[in-house]
$ cat protein_39.txt   # compact mmCIF, C-alpha atoms and all ligand atoms
# COMPACT_ATOMS: atom_id res chain seq x y z
CA MET N 1292 -76.62 -36.79 15.93
CA LYS N 1293 -74.70 -38.87 18.45
CA ARG N 1294 -71.94 -40.39 16.33
CA ILE N 1295 -70.11 -38.94 13.33
CA GLY N 1296 -67.25 -40.14 11.13
CA ILE N 1297 -64.28 -38.33 9.68
CA LEU N 1298 -61.86 -39.12 6.86
CA THR N 1299 -59.10 -37.38 4.93
CA SER N 1300 -58.86 -38.08 1.22
CA GLY N 1301 -56.93 -37.25 -1.95
CA GLY N 1302 -53.69 -35.30 -1.77
CA ASP N 1303 -52.74 -34.67 1.84
CA ALA N 1304 -52.33 -31.08 3.00
CA PRO N 1305 -50.65 -29.50 6.02
CA GLY N 1306 -53.37 -28.66 8.54
CA MET N 1307 -55.51 -31.74 7.91
CA ASN N 1308 -54.44 -33.08 11.32
CA ALA N 1309 -55.40 -29.81 12.99
CA ALA N 1310 -58.85 -30.10 11.38
CA VAL N 1311 -59.32 -33.71 12.57
CA ARG N 1312 -58.26 -32.63 16.07
CA ALA N 1313 -60.83 -29.83 16.05
CA VAL N 1314 -63.61 -32.15 14.85
CA VAL N 1315 -62.82 -34.73 17.55
CA ARG N 1316 -62.51 -32.25 20.41
CA LYS N 1317 -65.52 -30.16 19.35
CA GLY N 1318 -67.53 -33.36 18.88
CA ILE N 1319 -66.70 -34.57 22.38
CA HIS N 1320 -67.49 -31.09 23.72
CA GLU N 1321 -70.95 -31.37 22.10
CA GLY N 1322 -71.53 -34.92 23.40
CA ILE N 1323 -70.91 -36.51 19.97
CA GLU N 1324 -68.66 -39.53 19.43
CA VAL N 1325 -66.22 -39.17 16.54
CA TYR N 1326 -65.03 -42.17 14.54
CA GLY N 1327 -61.89 -41.93 12.41
CA ILE N 1328 -61.76 -43.69 9.07
CA ASN N 1329 -58.30 -44.59 7.77
CA TYR N 1330 -57.19 -44.23 4.13
CA GLY N 1331 -60.05 -42.07 2.88
CA PHE N 1332 -62.81 -43.72 0.89
CA ALA N 1333 -60.73 -46.92 0.56
CA GLY N 1334 -60.82 -47.38 4.35
CA LEU N 1335 -64.48 -46.46 4.43
CA VAL N 1336 -65.39 -49.28 2.04
CA ALA N 1337 -63.05 -51.68 3.87
CA GLY N 1338 -64.50 -50.73 7.27
CA ASP N 1339 -61.14 -49.49 8.64
CA ILE N 1340 -62.91 -47.44 11.31
CA ARG N 1341 -62.34 -46.78 15.02
CA LYS N 1342 -63.45 -44.41 17.75
CA LEU N 1343 -61.15 -41.41 18.33
CA THR N 1344 -60.51 -40.04 21.81
CA ARG N 1345 -59.18 -36.67 22.92
CA ARG N 1346 -55.79 -38.29 23.43
CA ASP N 1347 -55.74 -39.76 19.91
CA VAL N 1348 -55.56 -36.21 18.57
CA GLY N 1349 -53.00 -34.96 21.10
CA ASP N 1350 -49.68 -33.74 19.63
CA LYS N 1351 -51.17 -33.65 16.13
CA ILE N 1352 -51.79 -29.92 15.60
CA SER N 1353 -48.23 -29.20 14.51
CA ARG N 1354 -47.80 -32.20 12.22
CA GLY N 1355 -48.03 -32.17 8.45
CA GLY N 1356 -49.62 -35.04 6.53
CA THR N 1357 -52.64 -36.82 7.94
CA PHE N 1358 -52.53 -39.34 10.76
CA LEU N 1359 -55.75 -40.84 9.35
CA TYR N 1360 -53.78 -41.50 6.15
CA SER N 1361 -55.13 -40.76 2.71
CA ALA N 1362 -55.70 -42.64 -0.53
CA ARG N 1363 -56.67 -42.29 -4.13
CA TYR N 1364 -59.49 -44.79 -4.54
CA PRO N 1365 -61.16 -44.52 -7.95
CA GLU N 1366 -63.51 -47.40 -7.06
CA PHE N 1367 -65.48 -44.90 -5.00
CA LYS N 1368 -66.77 -43.41 -8.24
CA THR N 1369 -68.97 -46.48 -8.63
CA LYS N 1370 -72.43 -46.74 -7.10
CA GLU N 1371 -71.43 -50.12 -5.67
CA GLY N 1372 -68.48 -48.56 -3.80
CA GLN N 1373 -70.60 -45.71 -2.49
CA LEU N 1374 -73.37 -48.00 -1.19
CA LYS N 1375 -70.80 -50.25 0.45
CA GLY N 1376 -69.40 -47.14 2.17
CA ILE N 1377 -72.83 -46.21 3.51
CA GLU N 1378 -73.34 -49.80 4.67
CA GLN N 1379 -70.11 -49.61 6.70
CA LEU N 1380 -71.11 -46.26 8.23
CA GLU N 1381 -74.48 -47.66 9.24
CA LYS N 1382 -72.83 -50.80 10.66
CA PHE N 1383 -70.83 -48.57 13.03
CA GLY N 1384 -73.90 -46.45 13.85
CA ILE N 1385 -72.30 -43.37 12.27
CA GLU N 1386 -74.98 -40.85 11.32
CA GLY N 1387 -72.99 -38.25 9.36
CA LEU N 1388 -69.57 -37.95 7.73
CA VAL N 1389 -66.96 -35.18 7.61
CA VAL N 1390 -64.81 -35.38 4.47
CA ILE N 1391 -61.58 -33.38 4.42
CA GLY N 1392 -60.01 -33.19 0.98
CA GLY N 1393 -59.84 -31.59 -2.42
CA ASP N 1394 -62.33 -31.30 -5.26
CA GLY N 1395 -62.16 -35.05 -5.98
CA SER N 1396 -62.91 -35.89 -2.35
CA TYR N 1397 -65.79 -33.43 -2.43
CA MET N 1398 -67.20 -35.47 -5.33
CA GLY N 1399 -67.12 -38.50 -3.02
CA ALA N 1400 -69.04 -36.59 -0.33
CA TYR N 1401 -71.44 -35.31 -2.99
CA ALA N 1402 -72.10 -38.90 -4.13
CA LEU N 1403 -72.97 -39.98 -0.57
CA THR N 1404 -75.25 -36.96 -0.21
CA LYS N 1405 -77.07 -37.92 -3.40
CA HIS N 1406 -77.71 -41.36 -1.86
CA GLY N 1407 -79.31 -39.54 1.12
CA TYR N 1408 -76.36 -39.78 3.53
CA PRO N 1409 -75.48 -36.54 5.44
CA THR N 1410 -72.00 -35.18 4.77
CA VAL N 1411 -69.95 -32.07 5.45
CA GLY N 1412 -66.94 -31.15 3.35
CA ILE N 1413 -63.91 -29.32 4.71
CA PRO N 1414 -61.64 -27.91 1.99
CA GLY N 1415 -58.18 -29.43 2.43
CA THR N 1416 -55.75 -29.25 -0.47
CA ILE N 1417 -52.62 -27.28 -1.22
CA ASP N 1418 -54.09 -26.44 -4.65
CA ASN N 1419 -56.69 -23.98 -3.24
CA ASP N 1420 -59.00 -25.00 -6.09
CA ILE N 1421 -62.29 -25.71 -4.32
CA PRO N 1422 -65.42 -23.77 -5.23
CA GLY N 1423 -67.25 -21.97 -2.40
CA THR N 1424 -64.16 -20.89 -0.47
CA ASP N 1425 -61.42 -18.33 -0.95
CA PHE N 1426 -58.89 -20.51 0.88
CA THR N 1427 -58.32 -24.18 1.58
CA ILE N 1428 -56.38 -25.80 4.42
CA GLY N 1429 -52.75 -26.37 3.37
CA PHE N 1430 -52.50 -23.63 0.77
CA ASP N 1431 -50.81 -21.11 3.06
CA THR N 1432 -48.19 -23.63 4.19
CA ALA N 1433 -47.53 -24.70 0.59
CA ILE N 1434 -47.02 -21.17 -0.72
CA ASN N 1435 -44.63 -20.43 2.12
CA THR N 1436 -42.67 -23.58 1.28
CA VAL N 1437 -42.51 -22.49 -2.36
CA LEU N 1438 -41.51 -18.98 -1.32
CA ASP N 1439 -38.61 -20.33 0.69
CA ALA N 1440 -37.47 -22.27 -2.39
CA ILE N 1441 -37.82 -19.25 -4.70
CA ASP N 1442 -35.74 -17.11 -2.33
CA LYS N 1443 -32.98 -19.73 -2.40
CA ILE N 1444 -33.16 -20.15 -6.17
CA ARG N 1445 -32.92 -16.38 -6.58
CA ASP N 1446 -29.53 -16.38 -4.79
CA THR N 1447 -27.95 -18.81 -7.20
CA ALA N 1448 -29.81 -17.41 -10.22
CA THR N 1449 -28.34 -13.96 -9.52
CA SER N 1450 -24.81 -15.30 -8.98
CA HIS N 1451 -24.84 -16.91 -12.42
CA VAL N 1452 -27.14 -14.43 -14.20
CA ARG N 1453 -29.51 -17.26 -15.08
CA THR N 1454 -33.09 -17.88 -16.01
CA PHE N 1455 -34.87 -20.37 -13.74
CA ILE N 1456 -38.15 -22.11 -14.22
CA VAL N 1457 -39.71 -23.14 -10.92
CA GLU N 1458 -42.42 -25.71 -11.52
CA VAL N 1459 -45.00 -25.71 -8.74
CA MET N 1460 -48.01 -27.91 -7.99
CA GLY N 1461 -51.65 -27.16 -8.65
CA ARG N 1462 -53.07 -29.89 -10.84
CA ASN N 1463 -55.48 -27.63 -12.71
CA ALA N 1464 -55.15 -24.39 -10.81
CA GLY N 1465 -52.73 -21.48 -10.78
CA ASP N 1466 -53.20 -20.34 -7.17
CA ILE N 1467 -49.90 -21.68 -5.82
CA ALA N 1468 -48.00 -20.16 -8.74
CA LEU N 1469 -49.78 -16.81 -8.44
CA TRP N 1470 -49.35 -16.29 -4.71
CA SER N 1471 -45.81 -17.65 -4.44
CA GLY N 1472 -44.81 -15.85 -7.63
CA VAL N 1473 -46.00 -12.46 -6.40
CA ALA N 1474 -44.50 -13.05 -2.94
CA GLY N 1475 -41.20 -14.24 -4.46
CA GLY N 1476 -40.90 -11.38 -6.94
CA ALA N 1477 -41.02 -13.69 -9.96
CA GLU N 1478 -40.44 -12.05 -13.34
CA GLN N 1479 -43.16 -14.21 -14.92
CA ILE N 1480 -46.01 -16.34 -13.63
CA ILE N 1481 -47.50 -18.91 -16.00
CA VAL N 1482 -50.87 -20.37 -14.99
CA PRO N 1483 -53.51 -22.50 -16.73
CA GLU N 1484 -56.14 -19.77 -16.35
CA MET N 1485 -54.23 -17.23 -18.50
CA ASP N 1486 -52.96 -17.52 -22.06
CA TYR N 1487 -49.31 -16.83 -22.61
CA SER N 1488 -47.00 -16.54 -25.58
CA ILE N 1489 -43.61 -18.23 -25.38
CA GLU N 1490 -42.18 -15.52 -27.67
CA GLU N 1491 -43.34 -12.82 -25.24
CA VAL N 1492 -41.80 -14.72 -22.33
CA ALA N 1493 -38.52 -14.86 -24.26
CA ASP N 1494 -38.74 -11.15 -25.13
CA SER N 1495 -39.28 -10.24 -21.53
CA ILE N 1496 -36.23 -12.27 -20.41
CA ARG N 1497 -34.12 -10.40 -22.99
CA GLU N 1498 -35.59 -7.02 -21.96
CA GLY N 1499 -34.85 -7.82 -18.31
CA ARG N 1500 -31.22 -8.54 -19.18
CA GLU N 1501 -31.00 -5.28 -21.13
CA LYS N 1502 -32.37 -3.39 -18.12
CA GLY N 1503 -29.66 -4.93 -15.95
CA LYS N 1504 -31.67 -7.69 -14.25
CA LYS N 1505 -29.35 -10.36 -12.94
CA HIS N 1506 -31.84 -13.17 -12.97
CA SER N 1507 -35.16 -14.20 -14.37
CA ILE N 1508 -37.47 -16.39 -12.31
CA ILE N 1509 -40.46 -17.94 -14.04
CA VAL N 1510 -42.95 -19.64 -11.74
CA LEU N 1511 -44.82 -22.23 -13.78
CA ALA N 1512 -47.96 -24.05 -12.63
CA GLU N 1513 -47.70 -27.76 -13.44
CA GLY N 1514 -51.19 -27.60 -15.00
CA VAL N 1515 -49.74 -25.70 -17.98
CA MET N 1516 -46.92 -28.13 -18.79
CA SER N 1517 -43.84 -29.51 -17.07
CA GLY N 1518 -40.82 -27.35 -16.29
CA PRO N 1519 -38.50 -29.29 -18.64
CA GLU N 1520 -41.02 -28.97 -21.51
CA PHE N 1521 -41.31 -25.22 -20.92
CA ALA N 1522 -37.52 -24.88 -20.80
CA ALA N 1523 -37.19 -26.77 -24.12
CA LYS N 1524 -39.63 -24.34 -25.76
CA LEU N 1525 -37.66 -21.34 -24.51
CA GLU N 1526 -34.35 -22.84 -25.62
CA GLU N 1527 -35.77 -23.30 -29.13
CA ILE N 1528 -36.14 -19.50 -29.33
CA ASP N 1529 -32.82 -18.45 -27.81
CA ASN N 1530 -29.87 -19.91 -25.98
CA PHE N 1531 -31.03 -18.89 -22.50
CA HIS N 1532 -29.22 -21.68 -20.55
CA VAL N 1533 -32.39 -22.22 -18.57
CA ARG N 1534 -32.29 -24.20 -15.32
CA VAL N 1535 -35.39 -25.98 -14.05
CA SER N 1536 -36.43 -26.72 -10.47
CA VAL N 1537 -39.40 -29.01 -10.01
CA LEU N 1538 -40.41 -28.55 -6.38
CA GLY N 1539 -42.70 -31.58 -6.27
CA HIS N 1540 -44.01 -33.12 -3.09
CA ILE N 1541 -42.01 -30.98 -0.66
CA GLN N 1542 -44.91 -28.57 -1.26
CA ARG N 1543 -47.31 -31.04 0.37
CA GLY N 1544 -45.34 -31.64 3.59
CA GLY N 1545 -44.18 -29.76 6.63
CA SER N 1546 -45.62 -28.29 9.77
CA PRO N 1547 -48.70 -26.16 9.00
CA THR N 1548 -48.46 -22.38 9.31
CA ALA N 1549 -50.39 -20.59 12.04
CA ARG N 1550 -52.92 -19.48 9.42
CA ASP N 1551 -53.57 -23.03 8.25
CA ARG N 1552 -53.89 -24.31 11.81
CA VAL N 1553 -56.38 -21.60 12.73
CA LEU N 1554 -58.39 -22.11 9.52
CA ALA N 1555 -58.41 -25.88 10.14
CA SER N 1556 -59.55 -25.40 13.74
CA ILE N 1557 -62.39 -23.07 12.72
CA PHE N 1558 -63.50 -25.29 9.80
CA GLY N 1559 -63.38 -28.45 11.95
CA SER N 1560 -65.39 -26.92 14.74
CA LYS N 1561 -67.95 -25.48 12.31
CA ALA N 1562 -68.34 -28.87 10.59
CA VAL N 1563 -69.45 -30.44 13.87
CA GLU N 1564 -71.88 -27.59 14.56
CA VAL N 1565 -73.55 -27.92 11.16
CA LEU N 1566 -73.74 -31.73 11.27
CA LYS N 1567 -75.39 -31.43 14.68
CA GLU N 1568 -78.02 -29.03 13.30
CA HIS N 1569 -78.54 -30.38 9.76
CA GLN N 1570 -79.17 -34.08 9.84
CA GLU N 1571 -79.69 -34.46 6.13
CA GLY N 1572 -78.17 -33.33 2.85
CA GLY N 1573 -74.63 -32.24 2.20
CA LEU N 1574 -72.86 -29.05 3.18
CA CYS N 1575 -69.38 -27.65 2.85
CA ILE N 1576 -67.51 -25.13 4.93
CA GLY N 1577 -65.57 -22.24 3.48
CA ILE N 1578 -64.25 -18.76 4.02
CA LEU N 1579 -65.48 -16.02 1.70
CA ASP N 1580 -64.47 -12.38 2.12
CA ASN N 1581 -63.02 -13.30 5.51
CA LYS N 1582 -66.32 -14.74 6.81
CA ILE N 1583 -66.92 -18.41 7.57
CA VAL N 1584 -69.66 -19.72 5.31
CA VAL N 1585 -71.65 -22.94 4.99
CA ASN N 1586 -72.64 -23.87 1.43
CA ASP N 1587 -74.81 -26.60 -0.02
CA ILE N 1588 -72.40 -29.16 -1.47
CA ILE N 1589 -74.58 -30.09 -4.45
CA ASP N 1590 -75.10 -26.44 -5.42
CA THR N 1591 -71.41 -25.70 -4.88
CA LEU N 1592 -70.19 -28.53 -7.09
CA GLU N 1593 -72.84 -28.14 -9.77
CA ASN N 1594 -73.00 -24.36 -10.05
CA LYS N 1595 -69.85 -22.79 -8.69
CA LYS N 1596 -66.36 -22.69 -10.09
CA HIS N 1597 -63.09 -21.88 -8.44
CA VAL N 1598 -61.34 -18.91 -10.03
CA PRO N 1599 -57.97 -17.78 -8.68
CA ASP N 1600 -57.36 -14.14 -7.91
CA LEU N 1601 -56.29 -13.04 -11.38
CA GLU N 1602 -55.77 -9.48 -10.12
CA LEU N 1603 -52.52 -10.93 -8.78
CA TYR N 1604 -51.52 -11.87 -12.33
CA LYS N 1605 -52.15 -8.33 -13.55
CA LEU N 1606 -50.34 -6.89 -10.57
CA ASN N 1607 -47.28 -9.03 -11.21
CA GLU N 1608 -47.19 -7.98 -14.86
CA GLU N 1609 -47.02 -4.37 -13.65
CA ILE N 1610 -44.47 -4.66 -10.86
CA SER N 1611 -42.12 -7.42 -11.95
CA LYS N 1612 -40.39 -5.84 -14.92
P1 LIG N 1701 -58.42 -34.52 -4.21
O1 LIG N 1701 -59.51 -34.73 -3.22
O2 LIG N 1701 -57.15 -34.07 -3.55
O3 LIG N 1701 -58.83 -33.65 -5.37
P2 LIG N 1701 -58.67 -36.91 -5.92
O4 LIG N 1701 -59.15 -36.17 -7.11
O5 LIG N 1701 -57.67 -37.98 -6.14
O6 LIG N 1701 -58.01 -35.94 -4.82
O7 LIG N 1701 -59.94 -37.54 -5.21
C1 LIG N 1701 -59.78 -38.24 -4.00
C2 LIG N 1701 -60.71 -39.39 -3.95
O8 LIG N 1701 -62.07 -38.93 -3.95
C3 LIG N 1701 -60.65 -40.35 -5.13
O9 LIG N 1701 -59.55 -41.22 -5.08
C4 LIG N 1701 -61.97 -41.07 -4.97
O10 LIG N 1701 -61.91 -42.02 -3.93
C5 LIG N 1701 -62.90 -39.91 -4.56
N1 LIG N 1701 -63.55 -39.36 -5.75
C6 LIG N 1701 -63.01 -38.57 -6.70
N2 LIG N 1701 -63.89 -38.28 -7.68
C7 LIG N 1701 -65.05 -38.92 -7.35
C8 LIG N 1701 -66.34 -39.03 -7.95
N3 LIG N 1701 -66.63 -38.45 -9.12
N4 LIG N 1701 -67.27 -39.77 -7.31
C9 LIG N 1701 -66.99 -40.38 -6.14
N5 LIG N 1701 -65.79 -40.32 -5.53
C10 LIG N 1701 -64.83 -39.60 -6.11
O1 LIG N 1702 -54.18 -32.25 -5.50
C1 LIG N 1702 -53.01 -31.93 -4.82
C2 LIG N 1702 -51.79 -32.32 -5.62
O2 LIG N 1702 -50.69 -32.08 -4.78
C3 LIG N 1702 -51.64 -31.63 -6.97
O3 LIG N 1702 -51.15 -30.34 -6.85
C4 LIG N 1702 -50.70 -32.58 -7.67
O4 LIG N 1702 -50.82 -32.50 -9.06
C5 LIG N 1702 -51.20 -33.90 -7.21
O5 LIG N 1702 -51.80 -33.70 -5.96
C6 LIG N 1702 -50.10 -34.95 -7.08
O6 LIG N 1702 -50.72 -36.11 -6.70
P1 LIG N 1702 -50.04 -37.47 -6.20
O7 LIG N 1702 -50.38 -37.58 -4.76
O8 LIG N 1702 -50.72 -38.50 -6.99
O9 LIG N 1702 -48.58 -37.39 -6.47
$ encode --input "protein_39.txt" --output "structure tokens"
Amino acid sequence: MKRIGILTSGGDAPGMNAAVRAVVRKGIHEGIEVYGINYGFAGLVAGDIRKLTRRDVGDKISRGGTFLYSARYPEFKTKEGQLKGIEQLEKFGIEGLVVIGGDGSYMGAYALTKHGYPTVGIPGTIDNDIPGTDFTIGFDTAINTVLDAIDKIRDTATSHVRTFIVEVMGRNAGDIALWSGVAGGAEQIIVPEMDYSIEEVADSIREGREKGKKHSIIVLAEGVMSGPEFAAKLEEIDNFHVRVSVLGHIQRGGSPTARDRVLASIFGSKAVEVLKEHQEGGLCIGILDNKIVVNDIIDTLENKKHVPDLELYKLNEEISK
């Protein structure tokens, strides 16, 4: 393979730039030209493609967001969109594509693979919800951003002896809530993967007060319901004077942590190696039990499911009261 393409797609994640940098520099090191595609699959279909040099990726490792831009482009779900994308890649002489993104973006790569075009997926999303990997690029930065917010909220919650609901991202997954909740000492963590009872949540706030707790922090994954909705349910049970903080998109920005930069660099470099060796089919890079792995993308998306570390949920139940 002499020429490969790279795009970032879906929700951006800190560390995507570090991954693009690694792909470009490793590619050049291996004698492969790397072409950047702007705006994810939208730019692919539009042919918004140019060659990337070493210098194009200089000064990018520390930056959040993605300098290749990203997009939500539902038109790529159509066969017409996918074939147009392949046509553009062939027009530029690009023989394989690296897709950095979340589970939706992986579906785009999977579609190209099913049309016979070689792809490699790199897991990049703050949600950490991709099958075939324990961690995705951006997750570590996001949970540290959330942790910083929880620590600040705890100060004011204690001063006023208040209950706070901190709504965090994770469209369908509880990973951000679980990790930031345990790290932040949250009294309760509410995630889509575990049932909860609003009465039990209320009881535990009351019990905490009786035991002398000065605050109650509930970390709520957005996939369950919104913070204001959850607060309304609690207020129906008792007059808790709940405050809600919806952290929103600050979780997606910021300079990537060392861990995310290193993960991105390893994933990016590995993606080039596997594209060089495997000229057909679709693969995806991951880290499982602290080892870098290369999975088949079709098998991963069809047969594997992401499950967060629910031991953390159990642990928090035991140590947060
Ligand atoms: P993320 O990758 O962060 O999960 P999305 O779910 O929005 O974000 O997906 C990003 C993009 O991937 C979509 O806008 C679309 O272009 C492409 N995509 C998503 N699902 C599919 C699919 N089933 N087939 C082809 N492309 C898809
Ligand atoms: O997929 C990443 C994510 O940040 C989710 O956690 C969140 O629900 C969603 O993207 C928000 O997407 P948008 O970019 O459309 O605001």
$ atom_distance --input "protein_39.txt" --atom1 "atom CA of N:Gly1544" --atom2 "atom CA of N:Thr1432"
8.5 Å
$ residues_near_ligand --input "protein_39.txt" --ligand "ligand LIG 1701 (chain N)" --cutoff "8 Å" --atoms "only C-alpha atoms and all ligand atoms" --output "number ranges by chain"
N: 1300-1303, 1331-1333, 1362-1369, 1373, 1392-1402, 1415-1416
$ residues_near_ligand --input "protein_39.txt" --ligand "ligand LIG 1702 (chain N)" --cutoff "6 Å" --atoms "only C-alpha atoms and all ligand atoms" --output "VMD selection string"
chain N and resid 1302 1416 to 1418 1460 to 1462
$ closest_residue --input "protein_39.txt" --among "N:Ile1508, N:Val1482, N:Ala1555, N:Leu1335" --to "N:Leu1603" --atoms "only C-alpha atoms"
N:Val1482
$ closest_residue --input "protein_39.txt" --among "N:Arg1316, N:Ile1467, N:Phe1531, N:Leu1403" --to "N:Ser1495" --atoms "all atoms listed in the file"
N:Phe1531
$ residues_around --input "protein_39.txt" --residues "N:Asn1419" --least-positions-apart "5" --cutoff "10 Å" --atoms "all atoms listed in the file" --output "PyMOL selection string"
chain N and resi 1393-1394+1414+1424-1431+1433+1461+1464-1467+1597-1599
$ closest_residue --input "protein_39.txt" --among "N:Ile1557, N:Ile1441, N:Val1389, N:Ile1528" --to "N:Ser1471" --atoms "all atoms listed in the file"
N:Ile1441
$ closest_residue --input "protein_39.txt" --among "N:Ala1309, N:Val1348, N:Ile1444, N:Val1325" --to "N:Gly1384" --atoms "only C-alpha atoms"
N:Val1325
$ atom_distance --input "protein_39.txt" --atom1 "atom CA of N:Ile1295" --atom2 "atom CA of N:Val1315"
9.4 Å
$ closest_residue --input "protein_39.txt" --among "N:Lys1567, N:Val1535, N:Phe1521, N:Gly1499" --to "N:Tyr1487" --atoms "all atoms listed in the file"
N:Phe1521
$ atom_distance --input "protein_39.txt" --atom1 "atom CA of N:Gly1475" --atom2 "atom CA of N:Asp1442"
6.5 Å
$ residues_around --input "protein_39.txt" --residues "N:Ser1353" --least-positions-apart "2" --cutoff "12 Å" --atoms "only C-alpha atoms" --output "compact mmCIF listing (two decimals) with C-alpha atoms, keeping the file's coordinate frame"
# COMPACT_ATOMS: atom_id res chain seq x y z
CA PRO N 1305 -50.65 -29.50 6.02
CA GLY N 1306 -53.37 -28.66 8.54
CA MET N 1307 -55.51 -31.74 7.91
CA ASN N 1308 -54.44 -33.08 11.32
CA ALA N 1309 -55.40 -29.81 12.99
CA ALA N 1310 -58.85 -30.10 11.38
CA ARG N 1312 -58.26 -32.63 16.07
CA VAL N 1348 -55.56 -36.21 18.57
CA GLY N 1349 -53.00 -34.96 21.10
CA ASP N 1350 -49.68 -33.74 19.63
CA LYS N 1351 -51.17 -33.65 16.13
CA GLY N 1355 -48.03 -32.17 8.45
CA GLY N 1356 -49.62 -35.04 6.53
CA THR N 1357 -52.64 -36.82 7.94
CA PHE N 1358 -52.53 -39.34 10.76
CA THR N 1432 -48.19 -23.63 4.19
CA GLY N 1544 -45.34 -31.64 3.59
CA GLY N 1545 -44.18 -29.76 6.63
CA SER N 1546 -45.62 -28.29 9.77
CA PRO N 1547 -48.70 -26.16 9.00
CA THR N 1548 -48.46 -22.38 9.31
CA ALA N 1549 -50.39 -20.59 12.04
CA ARG N 1550 -52.92 -19.48 9.42
CA ASP N 1551 -53.57 -23.03 8.25
CA ARG N 1552 -53.89 -24.31 11.81
CA VAL N 1553 -56.38 -21.60 12.73
CA ALA N 1555 -58.41 -25.88 10.14
CA SER N 1556 -59.55 -25.40 13.74
$ axis_aligned_box --input "protein_39.txt" --around "stretch 1354-1366 of chain N" --padding-each-side "6 Å" --output "AutoDock Vina command-line options"
--center_x -55.7 --center_y -39.8 --center_z 2.1 --size_x 27.7 --size_y 27.2 --size_z 32.2
$ residues_near_point --input "protein_39.txt" --point "(-71.5, -25.5, -1.3)" --cutoff "10 Å" --atoms "all atoms listed in the file" --output "PyMOL selection string"
chain N and resi 1397+1401+1411-1412+1421-1424+1573-1577+1584-1595
$ write_last_selection --input "protein_39.txt" --atoms "C-alpha atoms" --output "mmCIF file, keeping the file's coordinate frame"
data_model
loop_
_atom_site.group_PDB
_atom_site.id
_atom_site.type_symbol
_atom_site.label_atom_id
_atom_site.label_comp_id
_atom_site.auth_asym_id
_atom_site.auth_seq_id
_atom_site.Cartn_x
_atom_site.Cartn_y
_atom_site.Cartn_z
ATOM 1 C CA TYR N 1397 -65.790 -33.430 -2.430
ATOM 2 C CA TYR N 1401 -71.440 -35.310 -2.990
ATOM 3 C CA VAL N 1411 -69.950 -32.070 5.450
ATOM 4 C CA GLY N 1412 -66.940 -31.150 3.350
ATOM 5 C CA ILE N 1421 -62.290 -25.710 -4.320
ATOM 6 C CA PRO N 1422 -65.420 -23.770 -5.230
ATOM 7 C CA GLY N 1423 -67.250 -21.970 -2.400
ATOM 8 C CA THR N 1424 -64.160 -20.890 -0.470
ATOM 9 C CA GLY N 1573 -74.630 -32.240 2.200
ATOM 10 C CA LEU N 1574 -72.860 -29.050 3.180
ATOM 11 C CA CYS N 1575 -69.380 -27.650 2.850
ATOM 12 C CA ILE N 1576 -67.510 -25.130 4.930
ATOM 13 C CA GLY N 1577 -65.570 -22.240 3.480
ATOM 14 C CA VAL N 1584 -69.660 -19.720 5.310
ATOM 15 C CA VAL N 1585 -71.650 -22.940 4.990
ATOM 16 C CA ASN N 1586 -72.640 -23.870 1.430
ATOM 17 C CA ASP N 1587 -74.810 -26.600 -0.020
ATOM 18 C CA ILE N 1588 -72.400 -29.160 -1.470
ATOM 19 C CA ILE N 1589 -74.580 -30.090 -4.450
ATOM 20 C CA ASP N 1590 -75.100 -26.440 -5.420
ATOM 21 C CA THR N 1591 -71.410 -25.700 -4.880
ATOM 22 C CA LEU N 1592 -70.190 -28.530 -7.090
ATOM 23 C CA GLU N 1593 -72.840 -28.140 -9.770
ATOM 24 C CA ASN N 1594 -73.000 -24.360 -10.050
ATOM 25 C CA LYS N 1595 -69.850 -22.790 -8.690
#
$ residues_around --input "protein_39.txt" --residues "N:Val1336" --least-positions-apart "2" --cutoff "6 Å" --atoms "all atoms listed in the file" --output "ChimeraX atom specification"
/N:1333-1334,1338,1375-1376
$ residues_around --input "protein_39.txt" --residues "stretch 1451-1458 of chain N" --least-positions-apart "4" --cutoff "7 Å" --atoms "all atoms listed in the file" --output "list of chain:residue names"
N:Thr1447, N:Lys1505, N:His1506, N:Ser1507, N:Ile1508, N:Ile1509, N:Val1510, N:Leu1511, N:Ala1512, N:Glu1513, N:Ser1517, N:Gly1518, N:Phe1531, N:Val1533, N:Arg1534, N:Val1535, N:Ser1536, N:Val1537, N:Leu1538
